[in-house]
>>> print(open('start32.tsv').read())   # TSV, C-alpha atoms
chain	number	residue	atom	x	y	z
A	1	MET	CA	-9.52	-13.63	-45.12
A	2	ILE	CA	-13.11	-14.20	-46.00
A	3	ARG	CA	-14.82	-11.31	-47.72
A	4	ARG	CA	-18.50	-11.48	-48.54
A	5	THR	CA	-20.65	-8.51	-49.42
A	6	LEU	CA	-23.97	-8.48	-47.73
A	7	ALA	CA	-26.93	-6.49	-49.00
A	8	VAL	CA	-28.87	-6.11	-45.82
A	9	ALA	CA	-32.53	-5.24	-45.96
A	10	LEU	CA	-33.89	-4.59	-42.52
A	11	PRO	CA	-37.72	-4.14	-42.72
A	12	PHE	CA	-39.46	-2.37	-39.91
A	13	PHE	CA	-43.03	-2.92	-38.95
A	14	LEU	CA	-45.28	-0.56	-37.10
A	15	LEU	CA	-47.90	-2.34	-35.06
A	16	SER	CA	-50.86	-0.27	-34.00
A	17	LEU	CA	-52.93	-1.42	-31.05
A	18	THR	CA	-56.18	0.41	-31.58
A	19	ALA	CA	-59.90	-0.30	-31.46
A	20	CYS	CA	-60.52	1.58	-34.71
A	21	LYS	CA	-61.93	-0.08	-37.82
A	22	HIS	CA	-59.81	-1.09	-40.85
A	23	ASP	CA	-61.33	1.56	-43.04
A	24	GLN	CA	-60.02	4.47	-40.89
A	25	PRO	CA	-57.68	6.88	-42.73
A	26	ALA	CA	-53.96	6.12	-42.51
A	27	ALA	CA	-53.30	9.61	-41.19
A	28	ALA	CA	-55.29	8.77	-38.09
A	29	GLU	CA	-52.82	5.97	-37.24
A	30	ASN	CA	-49.93	8.42	-36.94
A	31	PRO	CA	-51.49	11.78	-36.20
A	32	SER	CA	-48.26	13.20	-34.81
A	33	GLY	CA	-46.27	12.57	-38.02
A	34	ALA	CA	-43.49	10.81	-36.05
A	35	ALA	CA	-40.22	10.00	-37.85
A	36	PRO	CA	-39.64	6.38	-38.91
A	37	ALA	CA	-37.70	4.11	-36.54
A	38	LYS	CA	-33.90	4.48	-36.37
A	39	SER	CA	-31.76	1.82	-38.06
A	40	VAL	CA	-30.42	-0.83	-35.71
A	41	VAL	CA	-27.06	-0.84	-37.49
A	42	GLU	CA	-24.62	1.87	-36.41
A	43	THR	CA	-21.10	2.42	-37.67
A	44	THR	CA	-18.11	4.48	-36.72
A	45	THR	CA	-14.93	5.45	-38.53
A	46	VAL	CA	-11.81	3.97	-36.97
A	47	HIS	CA	-8.39	5.58	-37.07
A	48	THR	CA	-4.86	4.66	-36.12
A	49	GLN	CA	-4.11	6.16	-32.70
A	50	GLN	CA	-1.49	6.03	-29.99
A	51	VAL	CA	-2.08	3.52	-27.21
A	52	SER	CA	0.11	2.35	-24.37
A	53	ASN	CA	0.60	-0.86	-22.48
A	54	GLN	CA	-0.42	-0.65	-18.85
A	55	LEU	CA	0.47	-3.23	-16.23
A	56	VAL	CA	-1.64	-3.06	-13.07
A	57	LEU	CA	-0.15	-4.57	-9.89
A	58	PRO	CA	-2.28	-5.36	-6.83
A	59	ALA	CA	-0.73	-3.64	-3.83
A	60	LYS	CA	-1.08	-2.73	-0.18
A	61	VAL	CA	-0.26	0.37	1.81
A	62	THR	CA	2.27	-0.38	4.55
A	63	PRO	CA	4.50	1.67	6.86
A	64	ASN	CA	8.26	1.67	6.49
A	65	PRO	CA	9.27	-1.24	8.77
A	66	THR	CA	12.21	0.77	10.11
A	67	SER	CA	9.71	3.39	11.33
A	68	VAL	CA	7.56	0.92	13.30
A	69	VAL	CA	8.33	0.62	17.02
A	70	HIS	CA	6.87	-2.02	19.35
A	71	ILE	CA	6.98	-0.63	22.90
A	72	PHE	CA	7.77	-3.33	25.48
A	73	PRO	CA	7.90	-2.92	29.26
A	74	PRO	CA	11.53	-2.57	30.42
A	75	ILE	CA	10.83	-4.71	33.54
A	76	SER	CA	7.99	-6.78	34.97
A	77	GLY	CA	5.15	-4.90	36.58
A	78	ARG	CA	1.51	-3.95	36.51
A	79	VAL	CA	0.03	-1.31	34.18
A	80	VAL	CA	-1.57	1.25	36.49
A	81	GLU	CA	-2.44	3.80	33.82
A	82	LEU	CA	-2.68	3.60	30.02
A	83	LYS	CA	-3.00	6.89	28.14
A	84	VAL	CA	-3.19	5.89	24.47
A	85	LEU	CA	-5.74	4.51	22.03
A	86	PRO	CA	-5.32	3.12	18.49
A	87	GLY	CA	-5.23	5.87	15.89
A	88	GLN	CA	-3.88	8.48	18.30
A	89	ASP	CA	-0.95	10.66	17.22
A	90	LEU	CA	1.98	10.87	19.62
A	91	ALA	CA	5.03	13.11	19.94
A	92	LYS	CA	8.44	11.72	20.77
A	93	GLY	CA	8.87	11.49	24.55
A	94	GLN	CA	5.14	11.72	25.25
A	95	GLN	CA	4.04	9.56	28.20
A	96	ILE	CA	1.80	6.67	27.12
A	97	GLY	CA	1.37	4.90	30.45
A	98	LEU	CA	2.65	4.06	33.93
A	99	LEU	CA	4.03	0.71	35.14
A	100	GLN	CA	4.30	-0.14	38.84
A	101	SER	CA	7.09	-2.61	39.60
A	102	SER	CA	8.97	-4.00	42.57
A	103	ASP	CA	11.94	-4.40	40.23
A	104	ALA	CA	12.16	-0.61	40.17
A	105	ALA	CA	12.97	-0.62	43.89
A	106	GLN	CA	15.71	-3.18	43.27
A	107	THR	CA	17.22	-1.04	40.54
A	108	ARG	CA	17.19	2.00	42.82
A	109	SER	CA	18.74	-0.04	45.63
A	110	ASP	CA	21.53	-1.17	43.31
A	111	PHE	CA	22.21	2.44	42.42
A	112	GLU	CA	22.38	3.58	46.04
A	113	LYS	CA	24.74	0.71	46.94
A	114	ALA	CA	26.96	1.56	43.98
A	115	LYS	CA	27.15	5.18	45.17
A	116	ILE	CA	28.25	4.06	48.64
A	117	GLU	CA	30.89	1.67	47.30
A	118	ALA	CA	32.26	4.32	44.92
A	119	ALA	CA	32.46	6.90	47.71
A	120	ARG	CA	34.28	4.43	50.03
A	121	ALA	CA	36.71	3.52	47.26
A	122	ASP	CA	37.47	7.23	46.71
A	123	LEU	CA	38.32	7.67	50.44
A	124	GLN	CA	40.62	4.63	50.43
A	125	LEU	CA	42.34	5.85	47.30
A	126	ASN	CA	42.91	9.35	48.77
A	127	ARG	CA	44.48	7.84	51.91
A	128	ALA	CA	46.63	5.60	49.78
A	129	LYS	CA	47.93	8.61	47.86
A	130	GLU	CA	49.19	10.19	51.09
A	131	LEU	CA	50.82	6.95	52.21
A	132	LEU	CA	52.44	6.55	48.82
A	133	GLN	CA	53.82	10.11	48.95
A	134	HIS	CA	55.39	9.36	52.34
A	135	GLN	CA	56.71	6.05	51.03
A	136	VAL	CA	54.69	4.10	53.58
A	137	MET	CA	52.74	2.17	50.92
A	138	ALA	CA	54.15	0.17	48.08
A	139	GLN	CA	53.28	1.22	44.53
A	140	ARG	CA	51.78	-2.19	43.85
A	141	ASP	CA	49.30	-1.85	46.72
A	142	TYR	CA	48.33	1.61	45.52
A	143	ASP	CA	47.69	0.28	42.01
A	144	ASP	CA	45.37	-2.40	43.43
A	145	LEU	CA	43.33	0.24	45.27
A	146	LYS	CA	43.20	2.38	42.12
A	147	ALA	CA	41.82	-0.57	40.12
A	148	MET	CA	39.18	-1.24	42.80
A	149	ASP	CA	38.16	2.43	42.74
A	150	ASP	CA	37.79	2.34	38.93
A	151	ALA	CA	35.68	-0.83	39.16
A	152	ASP	CA	33.37	0.71	41.78
A	153	HIS	CA	32.86	3.81	39.62
A	154	SER	CA	32.13	1.62	36.63
A	155	GLU	CA	29.47	-0.23	38.63
A	156	LEU	CA	28.02	3.10	39.73
A	157	GLU	CA	27.74	4.22	36.10
A	158	ARG	CA	26.03	0.95	35.16
A	159	ALA	CA	23.48	1.40	37.96
A	160	ARG	CA	22.92	5.02	36.93
A	161	GLN	CA	22.24	4.01	33.31
A	162	ALA	CA	19.80	1.30	34.43
A	163	LEU	CA	17.93	3.94	36.44
A	164	HIS	CA	17.77	6.32	33.48
A	165	ILE	CA	16.54	3.57	31.13
A	166	LEU	CA	13.57	3.09	33.43
A	167	GLY	CA	12.83	6.79	33.22
A	168	PHE	CA	13.87	7.66	36.79
A	169	SER	CA	16.03	10.51	37.94
A	170	GLU	CA	18.70	9.82	40.58
A	171	ASN	CA	16.62	11.50	43.28
A	172	ASP	CA	13.31	9.71	42.63
A	173	THR	CA	11.86	7.38	45.23
A	174	SER	CA	8.77	6.14	43.35
A	175	ASP	CA	8.28	2.56	42.16
A	176	VAL	CA	6.09	3.70	39.24
A	177	ILE	CA	7.87	3.77	35.88
A	178	PRO	CA	6.74	6.15	33.13
A	179	ILE	CA	6.47	4.56	29.64
A	180	ARG	CA	7.24	7.09	26.88
A	181	ALA	CA	6.96	7.11	23.08
A	182	PRO	CA	10.43	6.65	21.55
A	183	ILE	CA	9.37	8.27	18.24
A	184	SER	CA	6.67	10.55	16.91
A	185	GLY	CA	3.94	8.71	15.07
A	186	ALA	CA	0.50	7.14	15.09
A	187	VAL	CA	-0.60	4.35	17.41
A	188	LEU	CA	-1.30	1.29	15.25
A	189	ASP	CA	-2.16	-1.11	18.03
A	190	VAL	CA	-2.51	-1.34	21.82
A	191	GLY	CA	-1.62	-4.68	23.41
A	192	THR	CA	-2.52	-4.19	27.08
A	193	ALA	CA	-5.05	-2.59	29.43
A	194	ASN	CA	-5.16	-0.91	32.82
A	195	GLY	CA	-4.40	-3.38	35.61
A	196	GLU	CA	-2.80	-5.98	33.36
A	197	LEU	CA	0.39	-7.61	34.56
A	198	GLN	CA	3.31	-7.31	32.18
A	199	ARG	CA	6.03	-9.91	32.47
A	200	SER	CA	9.75	-9.57	31.95
A	201	LEU	CA	11.09	-8.24	28.67
A	202	ASP	CA	11.79	-11.74	27.31
A	203	ASN	CA	8.14	-12.84	27.43
A	204	ALA	CA	6.30	-9.53	27.21
A	205	ASN	CA	3.56	-8.43	24.86
A	206	ALA	CA	4.00	-5.04	23.26
A	207	ILE	CA	2.21	-2.35	25.26
A	208	ALA	CA	1.64	-0.41	22.05
A	209	THR	CA	2.87	-0.23	18.45
A	210	ILE	CA	3.74	3.18	17.01
A	211	ALA	CA	4.63	3.99	13.40
A	212	ASP	CA	5.78	7.12	11.66
A	213	ILE	CA	3.45	7.22	8.63
A	214	SER	CA	4.32	10.71	7.40
A	215	SER	CA	5.93	8.75	4.58
A	216	ILE	CA	4.25	5.52	3.49
A	217	TRP	CA	5.10	2.55	1.30
A	218	VAL	CA	2.88	1.09	-1.39
A	219	VAL	CA	4.07	-2.47	-2.04
A	220	GLY	CA	2.81	-4.30	-5.15
A	221	ASP	CA	3.05	-7.90	-6.36
A	222	LEU	CA	4.96	-8.40	-9.62
A	223	TYR	CA	5.03	-11.79	-11.33
A	224	PRO	CA	8.48	-12.72	-12.66
A	225	ARG	CA	7.10	-12.99	-16.22
A	226	ASP	CA	6.45	-9.22	-16.15
A	227	LEU	CA	9.82	-8.27	-14.67
A	228	ASP	CA	11.04	-6.71	-17.92
A	229	LYS	CA	8.08	-4.28	-17.87
A	230	VAL	CA	8.97	-2.57	-14.59
A	231	LYS	CA	12.19	-0.69	-13.83
A	232	VAL	CA	13.51	1.15	-10.77
A	233	GLY	CA	12.87	4.88	-11.24
A	234	GLN	CA	9.88	4.30	-13.53
A	235	SER	CA	6.88	6.60	-13.05
A	236	VAL	CA	3.67	4.96	-11.86
A	237	ASP	CA	0.11	5.94	-10.98
A	238	ILE	CA	-1.49	4.63	-7.80
A	239	ASN	CA	-5.17	4.22	-6.95
A	240	VAL	CA	-6.09	3.50	-3.34
A	241	THR	CA	-9.31	1.92	-2.14
A	242	GLY	CA	-11.27	4.57	-0.29
A	243	TYR	CA	-10.13	7.39	-2.59
A	244	PRO	CA	-11.45	6.34	-6.02
A	245	ASP	CA	-11.20	9.87	-7.46
A	246	ASN	CA	-7.58	10.41	-6.36
A	247	VAL	CA	-4.56	9.32	-8.37
A	248	TYR	CA	-1.20	9.37	-6.61
A	249	HIS	CA	1.96	9.74	-8.68
A	250	GLY	CA	5.26	8.17	-7.68
A	251	THR	CA	8.29	6.27	-8.91
A	252	VAL	CA	9.44	2.71	-8.33
A	253	SER	CA	12.09	2.90	-5.61
A	254	ASN	CA	12.88	-0.81	-5.30
A	255	ILE	CA	12.16	-4.24	-6.78
A	256	SER	CA	12.92	-7.14	-4.46
A	257	ASP	CA	15.68	-9.58	-5.36
A	258	ALA	CA	13.86	-12.65	-4.04
A	259	VAL	CA	10.51	-14.20	-4.94
A	260	ASP	CA	8.01	-14.35	-2.10
A	261	PRO	CA	7.48	-18.09	-1.44
A	262	THR	CA	3.79	-17.58	-0.59
A	263	SER	CA	2.59	-15.33	-3.42
A	264	LEU	CA	5.38	-16.31	-5.89
A	265	THR	CA	5.81	-12.63	-6.74
A	266	LEU	CA	8.46	-9.97	-6.46
A	267	LYS	CA	7.71	-6.94	-4.33
A	268	VAL	CA	7.63	-3.52	-6.01
A	269	ARG	CA	7.98	-0.59	-3.62
A	270	VAL	CA	6.76	2.97	-4.17
A	271	VAL	CA	7.34	5.58	-1.44
A	272	LEU	CA	4.73	8.34	-1.10
A	273	ALA	CA	4.52	11.40	1.12
A	274	ASN	CA	1.50	11.08	3.40
A	275	PRO	CA	0.43	14.50	4.70
A	276	GLY	CA	-2.50	14.31	7.05
A	277	HIS	CA	-2.08	10.52	7.26
A	278	LYS	CA	-4.75	10.00	4.59
A	279	LEU	CA	-3.17	6.74	3.49
A	280	LYS	CA	-3.64	4.14	6.20
A	281	PRO	CA	-1.57	0.96	6.66
A	282	GLN	CA	-3.18	-2.17	5.16
A	283	MET	CA	-5.30	-0.22	2.65
A	284	TYR	CA	-5.61	-1.97	-0.71
A	285	ALA	CA	-4.23	-0.22	-3.78
A	286	ASN	CA	-3.28	-0.69	-7.44
A	287	ILE	CA	0.02	0.34	-9.02
A	288	ALA	CA	-0.42	1.16	-12.73
A	289	VAL	CA	2.82	0.92	-14.72
A	290	THR	CA	2.55	2.53	-18.16
A	291	ASN	CA	5.06	1.40	-20.77
A	292	GLN	CA	6.03	2.94	-24.10
A	293	LYS	CA	3.28	4.11	-26.44
A	294	ARG	CA	2.58	2.50	-29.81
A	295	THR	CA	0.17	3.04	-32.70
A	296	SER	CA	-2.82	0.77	-33.23
A	297	ILE	CA	-6.41	0.75	-34.46
A	298	VAL	CA	-8.88	0.68	-31.57
A	299	VAL	CA	-12.53	-0.33	-31.98
A	300	PRO	CA	-15.38	-0.50	-29.46
A	301	ALA	CA	-15.65	-3.95	-27.89
A	302	THR	CA	-19.20	-4.30	-29.30
A	303	ALA	CA	-17.80	-4.35	-32.84
A	304	VAL	CA	-15.78	-7.54	-32.35
A	305	ILE	CA	-17.44	-10.94	-32.81
A	306	GLN	CA	-15.74	-14.14	-31.71
A	307	ASN	CA	-17.02	-17.44	-33.06
A	308	GLY	CA	-14.75	-20.16	-31.79
A	309	LYS	CA	-11.31	-19.39	-33.19
A	310	ASN	CA	-12.71	-16.92	-35.72
A	311	ILE	CA	-12.58	-13.24	-34.81
A	312	PHE	CA	-14.14	-10.71	-37.17
A	313	VAL	CA	-15.92	-7.38	-37.58
A	314	PHE	CA	-18.29	-5.97	-40.20
A	315	VAL	CA	-17.11	-3.06	-42.35
A	316	GLU	CA	-19.45	-0.82	-44.32
A	317	THR	CA	-18.30	-0.82	-47.95
A	318	THR	CA	-21.11	1.33	-49.39
A	319	PRO	CA	-24.16	2.79	-47.66
A	320	GLY	CA	-26.32	-0.14	-46.55
A	321	LYS	CA	-23.82	-2.83	-47.63
A	322	TYR	CA	-21.45	-4.55	-45.20
A	323	GLU	CA	-18.48	-6.84	-45.52
A	324	ARG	CA	-17.22	-9.36	-43.02
A	325	ARG	CA	-13.56	-8.78	-42.18
A	326	ASP	CA	-11.41	-11.25	-40.22
A	327	VAL	CA	-9.13	-9.47	-37.75
A	328	VAL	CA	-6.35	-10.19	-35.26
A	329	LEU	CA	-6.83	-8.89	-31.72
A	330	GLY	CA	-4.17	-7.15	-29.73
A	331	GLU	CA	-4.66	-5.80	-26.19
A	332	THR	CA	-8.24	-5.91	-24.90
A	333	HIS	CA	-9.69	-3.36	-22.49
A	334	ASP	CA	-12.97	-2.88	-20.65
A	335	THR	CA	-14.82	-1.12	-23.47
A	336	SER	CA	-12.43	-1.31	-26.42
A	337	ASP	CA	-10.17	-3.72	-28.29
A	338	GLU	CA	-7.00	-3.17	-30.28
A	339	ILE	CA	-6.85	-4.57	-33.82
A	340	THR	CA	-3.38	-5.45	-35.08
A	341	GLN	CA	-4.41	-6.88	-38.49
A	342	GLY	CA	-7.47	-6.74	-40.74
A	343	LEU	CA	-8.47	-3.06	-40.60
A	344	GLN	CA	-7.17	0.11	-42.18
A	345	ASP	CA	-7.29	3.70	-41.07
A	346	GLY	CA	-10.62	5.23	-42.15
A	347	ASP	CA	-12.67	1.99	-42.30
A	348	ARG	CA	-16.27	2.31	-41.15
A	349	VAL	CA	-16.90	-0.48	-38.64
A	350	VAL	CA	-20.28	-1.66	-37.40
A	351	ILE	CA	-20.50	-1.06	-33.66
A	352	THR	CA	-24.21	-1.83	-33.15
A	353	GLY	CA	-26.10	-4.60	-34.98
A	354	ALA	CA	-23.08	-6.78	-35.82
A	355	GLU	CA	-24.83	-9.86	-34.41
A	356	LEU	CA	-27.83	-9.17	-36.67
A	357	LEU	CA	-25.54	-9.01	-39.70
A	358	ARG	CA	-23.96	-12.32	-38.72
A	359	GLU	CA	-27.37	-13.96	-38.57
A	360	SER	CA	-28.28	-12.52	-42.00
A	361	GLU	CA	-25.03	-13.87	-43.37
A	362	ALA	CA	-25.79	-17.33	-42.01
A	363	GLU	CA	-29.18	-17.34	-43.76
>>> encode(input="start32.tsv", output="structure tokens")
Amino acid sequence: MIRRTLAVALPFFLLSLTACKHDQPAAAENPSGAAPAKSVVETTTVHTQQVSNQLVLPAKVTPNPTSVVHIFPPISGRVVELKVLPGQDLAKGQQIGLLQSSDAAQTRSDFEKAKIEAARADLQLNRAKELLQHQVMAQRDYDDLKAMDDADHSELERARQALHILGFSENDTSDVIPIRAPISGAVLDVGTANGELQRSLDNANAIATIADISSIWVVGDLYPRDLDKVKVGQSVDINVTGYPDNVYHGTVSNISDAVDPTSLTLKVRVVLANPGHKLKPQMYANIAVTNQKRTSIVVPATAVIQNGKNIFVFVETTPGKYERRDVVLGETHDTSDEITQGLQDGDRVVITGAELLRESEAE
């Protein structure tokens, strides 16, 4: 460590721009009796204090993927009425649109035919029971009719379920199918418009996308080198773009077991309650993970001078005299730096004018 005591003399000159003659009294140059200029060297006393490591993860707000529903048309048809817009809140079962389809008539026809076949099979089976009781029909023939009756009722139930899936009752005659929200949530996206033809389910675009965002995920990117700094159950603070004055508190609920091949990071998940839907999907956020506290000497960033590989500060030894002190930096922050070696508790460190002292030292 290099130690050199500097006796710094910093002269100050007052320049007076005046049209007066040189023989005017000195008092006239400063009639207000102003105080002399303030020294350009300022110091502060540094102390050992508790600091903590903080790891900040870039993150995004996203809905729980198991609470996101893409609504597809059950059959081909034309959208005759669309009743939703992006951002709208929906209740479960609420109608979001109407789809007109010729396939609906086919489904209803299948149901009516199945009803007729089931009724005819019931009549044949009842007659067979009487014949069997009078020993006119063989048991084997009766069993065949019973199996046919069961098959016809099974087909009737299949046709009835197909009708209910489309949103029809058994007595409806319309070919217009109501499309309803399967869950309560917010509309994230609308993928169709009035009059647009929707194809079969295999090739369809989603009519709308709905998500339950009453609970929201904040997913951050964690590099594998920092994996030992984050644990499941650890408390974190979250800042979200759009709400700079709000800090959300949560805990790490999951750390992914696989590295994302695109970002080469692990995903850290924090689940937050989202009353009023203030947090919107795809908002940017930061997850701040605070680790255990430690003791260190912290100085303002203006006190530290770096000259190549040399890092040093100036310490006031006696009033007006300063000593260069080589130091070792620890964590650096926006406005302050941690010093791990080179300073002691109670040292008076130059925080303004350090560059001037370095120039004086060089001379």
>>> atom_distance(input="start32.tsv", atom1="CA of Ala354 (chain A)", atom2="CA of Arg325 (chain A)")
11.6 Å
>>> atom_distance(input="start32.tsv", atom1="CA of Thr44 (chain A)", atom2="CA of Lys321 (chain A)")
14.3 Å
>>> residues_near_point(input="start32.tsv", point="(-1.6, -3.3, 30.6)", cutoff="10 Å", atoms="all atoms listed in the file", output="number ranges by chain")
A: 73, 77-82, 97-99, 190-198, 205-208
>>> residues_around(input="start32.tsv", residues="Asn310 (chain A)", least_positions_apart="4", cutoff="10 Å", atoms="all atoms listed in the file", output="number ranges by chain")
A: 305-306, 326-328
>>> atom_distance(input="start32.tsv", atom1="CA of Glu338 (chain A)", atom2="CA of Ile297 (chain A)")
5.8 Å
>>> closest_atom_pairs(input="start32.tsv", of="region 173-223 of chain A", to="region 103-119 of chain A", cutoff="9 Å", atoms="all atoms listed in the file", output="Markdown table")
| residue | atom | partner | partner_atom | distance |
| --- | --- | --- | --- | --- |
| A:Thr173 | CA | A:Arg108 | CA | 7.9 |
| A:Ser174 | CA | A:Ala105 | CA | 8.0 |
| A:Asp175 | CA | A:Ala104 | CA | 5.4 |
| A:Val176 | CA | A:Ala104 | CA | 7.5 |
| A:Ile177 | CA | A:Ala104 | CA | 7.5 |
>>> residues_around(input="start32.tsv", residues="Val56 (chain A)", least_positions_apart="6", cutoff="12 Å", atoms="all atoms listed in the file", output="list of chain:residue names")
A:Gly220, A:Asp221, A:Leu222, A:Tyr223, A:Asp226, A:Lys229, A:Val230, A:Val236, A:Asp237, A:Ile238, A:Asn239, A:Val268, A:Ala285, A:Asn286, A:Ile287, A:Ala288, A:Val289, A:Thr290, A:Asn291
>>> closest_residue(input="start32.tsv", among="A:Glu316, A:Glu42, A:Glu323, A:Glu331", to="Gly346 (chain A)", atoms="only C-alpha atoms")
A:Glu316
>>> residues_around(input="start32.tsv", residues="Ser214 (chain A)", least_positions_apart="6", cutoff="12 Å", atoms="all atoms listed in the file", output="PyMOL selection string")
chain A and resi 62-64+67-68+89+184-186+271-281
>>> residues_around(input="start32.tsv", residues="Pro86 (chain A)", least_positions_apart="2", cutoff="6 Å", atoms="only C-alpha atoms", output="number ranges by chain")
A: 88, 187-189
>>> closest_residue(input="start32.tsv", among="A:Ala138, A:Val51, A:Met283, A:Ala147", to="Thr241 (chain A)", atoms="only C-alpha atoms")
A:Met283
>>> closest_residue(input="start32.tsv", among="A:Pro182, A:Gly353, A:Pro261, A:Gly342", to="Leu90 (chain A)", atoms="all atoms listed in the file")
A:Pro182
>>> closest_residue(input="start32.tsv", among="A:Lys83, A:Arg160, A:Lys60, A:Arg127", to="Gln95 (chain A)", atoms="all atoms listed in the file")
A:Lys83
>>> closest_residue(input="start32.tsv", among="A:Glu359, A:Glu170, A:Asp141, A:Asp347", to="Leu156 (chain A)", atoms="only C-alpha atoms")
A:Glu170
>>> residues_around(input="start32.tsv", residues="Ser336 (chain A)", least_positions_apart="2", cutoff="10 Å", atoms="only C-alpha atoms", output="JSON, numbers by chain")
{"A": [298, 299, 300, 301, 302, 303, 304, 331, 332, 333, 334, 338, 339]}
>>> decode(input="start32.tsv", residues="region 340-361 of chain A", atoms="N, CA and C atoms", output="PDB file, in the first residue's frame")
ATOM      1  N   THR A 340     -13.687  -3.620   0.807  1.00  0.00           N
ATOM      2  CA  THR A 340     -13.405  -4.810   1.615  1.00  0.00           C
ATOM      3  C   THR A 340     -12.047  -4.733   2.315  1.00  0.00           C
ATOM      4  N   GLN A 341     -11.102  -3.951   1.756  1.00  0.00           N
ATOM      5  CA  GLN A 341      -9.785  -3.789   2.368  1.00  0.00           C
ATOM      6  C   GLN A 341      -9.284  -2.376   2.109  1.00  0.00           C
ATOM      7  N   GLY A 342      -8.534  -1.834   3.102  1.00  0.00           N
ATOM      8  CA  GLY A 342      -7.881  -0.544   2.920  1.00  0.00           C
ATOM      9  C   GLY A 342      -8.423   0.571   3.780  1.00  0.00           C
ATOM     10  N   LEU A 343      -9.629   0.427   4.320  1.00  0.00           N
ATOM     11  CA  LEU A 343     -10.210   1.453   5.181  1.00  0.00           C
ATOM     12  C   LEU A 343     -10.597   0.846   6.516  1.00  0.00           C
ATOM     13  N   GLN A 344     -10.664   1.744   7.518  1.00  0.00           N
ATOM     14  CA  GLN A 344     -11.078   1.340   8.853  1.00  0.00           C
ATOM     15  C   GLN A 344     -12.283   2.173   9.279  1.00  0.00           C
ATOM     16  N   ASP A 345     -13.028   1.625  10.203  1.00  0.00           N
ATOM     17  CA  ASP A 345     -14.181   2.346  10.736  1.00  0.00           C
ATOM     18  C   ASP A 345     -13.723   3.676  11.342  1.00  0.00           C
ATOM     19  N   GLY A 346     -14.369   4.768  10.950  1.00  0.00           N
ATOM     20  CA  GLY A 346     -14.032   6.084  11.476  1.00  0.00           C
ATOM     21  C   GLY A 346     -13.117   6.906  10.587  1.00  0.00           C
ATOM     22  N   ASP A 347     -12.557   6.345   9.527  1.00  0.00           N
ATOM     23  CA  ASP A 347     -11.723   7.118   8.595  1.00  0.00           C
ATOM     24  C   ASP A 347     -12.554   8.222   7.940  1.00  0.00           C
ATOM     25  N   ARG A 348     -11.867   9.377   7.732  1.00  0.00           N
ATOM     26  CA  ARG A 348     -12.518  10.470   7.011  1.00  0.00           C
ATOM     27  C   ARG A 348     -12.039  10.432   5.564  1.00  0.00           C
ATOM     28  N   VAL A 349     -12.971  10.157   4.663  1.00  0.00           N
ATOM     29  CA  VAL A 349     -12.662   9.924   3.253  1.00  0.00           C
ATOM     30  C   VAL A 349     -13.117  11.120   2.440  1.00  0.00           C
ATOM     31  N   VAL A 350     -12.271  11.514   1.483  1.00  0.00           N
ATOM     32  CA  VAL A 350     -12.611  12.622   0.588  1.00  0.00           C
ATOM     33  C   VAL A 350     -13.676  12.142  -0.396  1.00  0.00           C
ATOM     34  N   ILE A 351     -14.791  12.866  -0.435  1.00  0.00           N
ATOM     35  CA  ILE A 351     -15.868  12.505  -1.353  1.00  0.00           C
ATOM     36  C   ILE A 351     -16.031  13.525  -2.468  1.00  0.00           C
ATOM     37  N   THR A 352     -15.471  14.712  -2.313  1.00  0.00           N
ATOM     38  CA  THR A 352     -15.473  15.730  -3.367  1.00  0.00           C
ATOM     39  C   THR A 352     -14.075  16.331  -3.445  1.00  0.00           C
ATOM     40  N   GLY A 353     -13.515  16.401  -4.645  1.00  0.00           N
ATOM     41  CA  GLY A 353     -12.170  16.963  -4.827  1.00  0.00           C
ATOM     42  C   GLY A 353     -11.084  15.929  -4.882  1.00  0.00           C
ATOM     43  N   ALA A 354     -11.424  14.633  -4.931  1.00  0.00           N
ATOM     44  CA  ALA A 354     -10.400  13.588  -4.961  1.00  0.00           C
ATOM     45  C   ALA A 354      -9.560  13.678  -6.229  1.00  0.00           C
ATOM     46  N   GLU A 355     -10.182  14.029  -7.352  1.00  0.00           N
ATOM     47  CA  GLU A 355      -9.421  14.165  -8.593  1.00  0.00           C
ATOM     48  C   GLU A 355      -8.404  15.299  -8.495  1.00  0.00           C
ATOM     49  N   LEU A 356      -8.777  16.394  -7.810  1.00  0.00           N
ATOM     50  CA  LEU A 356      -7.853  17.513  -7.627  1.00  0.00           C
ATOM     51  C   LEU A 356      -6.656  17.094  -6.790  1.00  0.00           C
ATOM     52  N   LEU A 357      -6.906  16.270  -5.782  1.00  0.00           N
ATOM     53  CA  LEU A 357      -5.797  15.793  -4.927  1.00  0.00           C
ATOM     54  C   LEU A 357      -4.881  14.861  -5.731  1.00  0.00           C
ATOM     55  N   ARG A 358      -5.442  14.080  -6.636  1.00  0.00           N
ATOM     56  CA  ARG A 358      -4.604  13.205  -7.442  1.00  0.00           C
ATOM     57  C   ARG A 358      -3.694  14.018  -8.360  1.00  0.00           C
ATOM     58  N   GLU A 359      -4.239  15.099  -8.922  1.00  0.00           N
ATOM     59  CA  GLU A 359      -3.421  15.951  -9.772  1.00  0.00           C
ATOM     60  C   GLU A 359      -2.301  16.616  -8.975  1.00  0.00           C
ATOM     61  N   SER A 360      -2.613  17.071  -7.746  1.00  0.00           N
ATOM     62  CA  SER A 360      -1.592  17.690  -6.894  1.00  0.00           C
ATOM     63  C   SER A 360      -0.499  16.699  -6.553  1.00  0.00           C
ATOM     64  N   GLU A 361      -0.914  15.429  -6.342  1.00  0.00           N
ATOM     65  CA  GLU A 361       0.056  14.397  -6.021  1.00  0.00           C
ATOM     66  C   GLU A 361       0.993  14.155  -7.192  1.00  0.00           C
TER      67      GLU A 361
END
